[in-house]
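So the structure is just underneath, and the comments pick up after that.
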Amino acid sequence: GSSSCYYLMTEENNEIADNHDFHENAIQKANIDYSAANEYIRAHYNQSQYFHQTKNGLPLMEQIYDGRILQSGYRDERAMLDENGLAIIRSPLSASVKWNELESVQDCYVPELEKILRDTICPGTKLLAYCFWNPMVRGDTYEISRDGSQNMMSTPTANIASQVHIDTDVGAYNNIDDFLGIVEKNQVVSSKADNHHHRSSFNEISDAIIGGKRFAVVNFWRNVGDSPALSSPLAILLTRYDEHVAFPDAQPNMEKSKWYSFPAAASDEVIVFYQYDRNLFQPSDLWHCAIQAQARDGEEFPPRKSFDIRALVVLDEAVPEQLDRFRTNRTRPFLSFEESGCFCDEQAAIREQDIH
């Protein structure tokens, strides 16, 4: 079967990242709500308190740092991504996108994301296949769109996500086909894709991953409002661990981990951050949430409107066994695929009640 996954190859690029030691000052403090993340990890992995939280479960006040300042210490966006798993990328659009219309997203935005994939996410790497999936328009005034309640040509909508979360716990899936089934169901296909790229079936992608190829999930977040994103900005936790381990096998060292935002993200910028990478050396599984912006007395910001979409990327690169996070004997959740789905649906329903 055909899909939105294409084949291509890019040039080699072996520059070494610059040194970037410098002192950082926090730009604000914000309440961070770890409760949903802790509930998920307790239910799935039997870890009682993955993130520290107050005894009564209330949000913690955390320091937020400026991702733009962090990125200024690196040679380019790829070096920033290599070391931290997040970056902000200049991305002026050549055509106007109607974000609430899937066809417009497919025709006018996906080609720009394909360019970012080639130029920034995977330069110097053979990119076997990629697929964009799970498009979402979010805003302070939006509600979760329900299956059947919207036109199939409309982009799904949701409120801002104010609780700490990751988009998808890839390692929790029983097998790669369960995960790819979710991706295929929610894929976005560009009708203007380069005809020279060979379309790849999800069966071929499955075979490549079962054969040990590296794959990753990357989130592309964009402000699509009429002014810079000042209300409910995105914050991302740059997780640091004490050893060469990652979620869910260890807790992040919160003395070394920091929360970052990219202040006043403009409509010609896109924030890119890893939600999974098979290779342990690539920082990924970056927890994130919307935070409350600090406004001066009497200052009001326009409501946030943002668009996010994920990319599954498959690389023609084998992952060494000791770095393979998708190995057969990886840590598995206690809940089955179906039980996990029920748990997440219940969490979403509770969050929706909290919004109202």
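By order in the structure tokens, chains are A, B, ...; within a chain, residues start at 1; ligands start at 1, following the order shown.
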### Task
Fewer than 5 positions away in the same chain doesn't count, so skip those; otherwise give me all residues within 9 Å of Leu86 (chain A), counting only C-alpha atoms, as a PyMOL selection string.
chain A and resi 67+77+80-81+236+238+271-274+283-284+286
### Query
Using the chain letters and numbers from this document, which residues of region 60-148 of chain A does DSSP assign to strand (DSSP E), as a PyMOL selection string?
chain A and resi 60-66+86-90+127-139
### Message
I'd like the neighbourhood of region 130-135 of chain A as number ranges by chain, where a residue qualifies if any of its atoms comes within 7 Å (using only C-alpha atoms), though same-chain residues fewer than 5 positions away should be ignored.
### Response
A: 4-6, 155-156, 183, 186-188, 308-314
### Task
Identify, with DSSP run on backbone atoms, the residues in region 44-289 of chain A assigned to alpha helix (DSSP H), and express the list as a ChimeraX atom specification.
/A:44-45,67-71,77-84,102-104,110-116,176-185,202-210
### 7 Å contact set for Arg222 (chain A), only C-alpha atoms, chain neighbours under 3 positions out, as a PyMOL selection string
chain A and resi 267+269-271+306-308
Can you write just those residues out, all heavy atoms, as a short mmCIF file (atom, residue, chain, number, x, y, z; two decimals), in the first residue's frame?
```
data_model
loop_
_atom_site.label_atom_id
_atom_site.label_comp_id
_atom_site.auth_asym_id
_atom_site.auth_seq_id
_atom_site.Cartn_x
_atom_site.Cartn_y
_atom_site.Cartn_z
N SER A 267 5.68 33.61 13.49
CA SER A 267 5.00 32.74 12.53
C SER A 267 5.93 32.24 11.43
O SER A 267 5.55 31.37 10.64
CB SER A 267 3.82 33.49 11.89
OG SER A 267 4.27 34.67 11.25
N GLU A 269 8.88 30.85 12.20
CA GLU A 269 9.80 29.98 12.93
C GLU A 269 9.07 28.69 13.28
O GLU A 269 7.85 28.67 13.43
CB GLU A 269 10.27 30.65 14.23
CG GLU A 269 11.08 31.92 14.02
CD GLU A 269 11.47 32.57 15.34
OE1 GLU A 269 10.57 32.86 16.16
OE2 GLU A 269 12.68 32.79 15.54
N VAL A 270 9.83 27.61 13.42
CA VAL A 270 9.26 26.35 13.87
C VAL A 270 10.17 25.78 14.95
O VAL A 270 11.40 25.80 14.83
CB VAL A 270 9.05 25.36 12.71
CG1 VAL A 270 10.36 25.00 12.03
CG2 VAL A 270 8.32 24.11 13.17
N ILE A 271 9.56 25.34 16.05
CA ILE A 271 10.29 24.70 17.14
C ILE A 271 10.28 23.20 16.90
O ILE A 271 9.22 22.60 16.71
CB ILE A 271 9.67 25.04 18.51
CG1 ILE A 271 9.74 26.55 18.76
CG2 ILE A 271 10.39 24.28 19.63
CD1 ILE A 271 8.96 27.02 19.98
N SER A 306 -1.63 27.64 17.81
CA SER A 306 -0.43 26.96 17.33
C SER A 306 -0.82 25.73 16.55
O SER A 306 -1.94 25.24 16.62
CB SER A 306 0.47 26.57 18.51
OG SER A 306 -0.21 25.68 19.39
N PHE A 307 0.16 25.23 15.77
CA PHE A 307 -0.04 24.03 14.96
C PHE A 307 1.13 23.10 15.23
O PHE A 307 2.29 23.52 15.16
CB PHE A 307 -0.10 24.37 13.48
CG PHE A 307 -0.26 23.17 12.59
CD1 PHE A 307 -1.53 22.71 12.26
CD2 PHE A 307 0.84 22.48 12.10
CE1 PHE A 307 -1.69 21.59 11.44
CE2 PHE A 307 0.69 21.36 11.29
CZ PHE A 307 -0.58 20.92 10.97
N ASP A 308 0.83 21.85 15.57
CA ASP A 308 1.93 20.89 15.73
C ASP A 308 1.64 19.62 14.94
O ASP A 308 0.48 19.25 14.71
CB ASP A 308 2.20 20.58 17.21
CG ASP A 308 0.99 20.05 17.96
OD1 ASP A 308 0.76 18.84 17.94
OD2 ASP A 308 0.29 20.86 18.60
#
```
#### Entry: Pairwise distance for CA of Tyr50 (chain A) and CA of Ala235 (chain A), rounded to one decimal in Å
18.7 Å
### Task
Mind giving me the straight-line distance from CA of Asp316 (chain A) to CA of Asp107 (chain A) in Å, one decimal?
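CA of Asp107 (chain A) lies at a distance of 27.2 Å from CA of Asp316 (chain A).
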### Pairwise distance for CA of Arg42 (chain A) and CA of Asn175 (chain A), rounded to one decimal in Å
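These two atoms are separated by 21.6 Å.
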### Task
Determine, counting only C-alpha atoms, which protein, DNA and RNA residues have an atom within 12 Å of an atom of Thr331 (chain A); residues of the same chain fewer than 2 positions away are not included. Present the result as a count of residues only.
23
### Task
Choose the residue, out of A:His165, A:Lys305, A:Lys258, A:Arg214, that has the smallest atom-to-atom separation from Val319 (chain A); count only C-alpha atoms.
A:Arg214
#### Entry: Ile64 (chain A) environment, 9 Å, only C-alpha atoms, sequence neighbours closer than 6 positions dropped, as a ChimeraX atom specification
/A:25-30,235,258-261
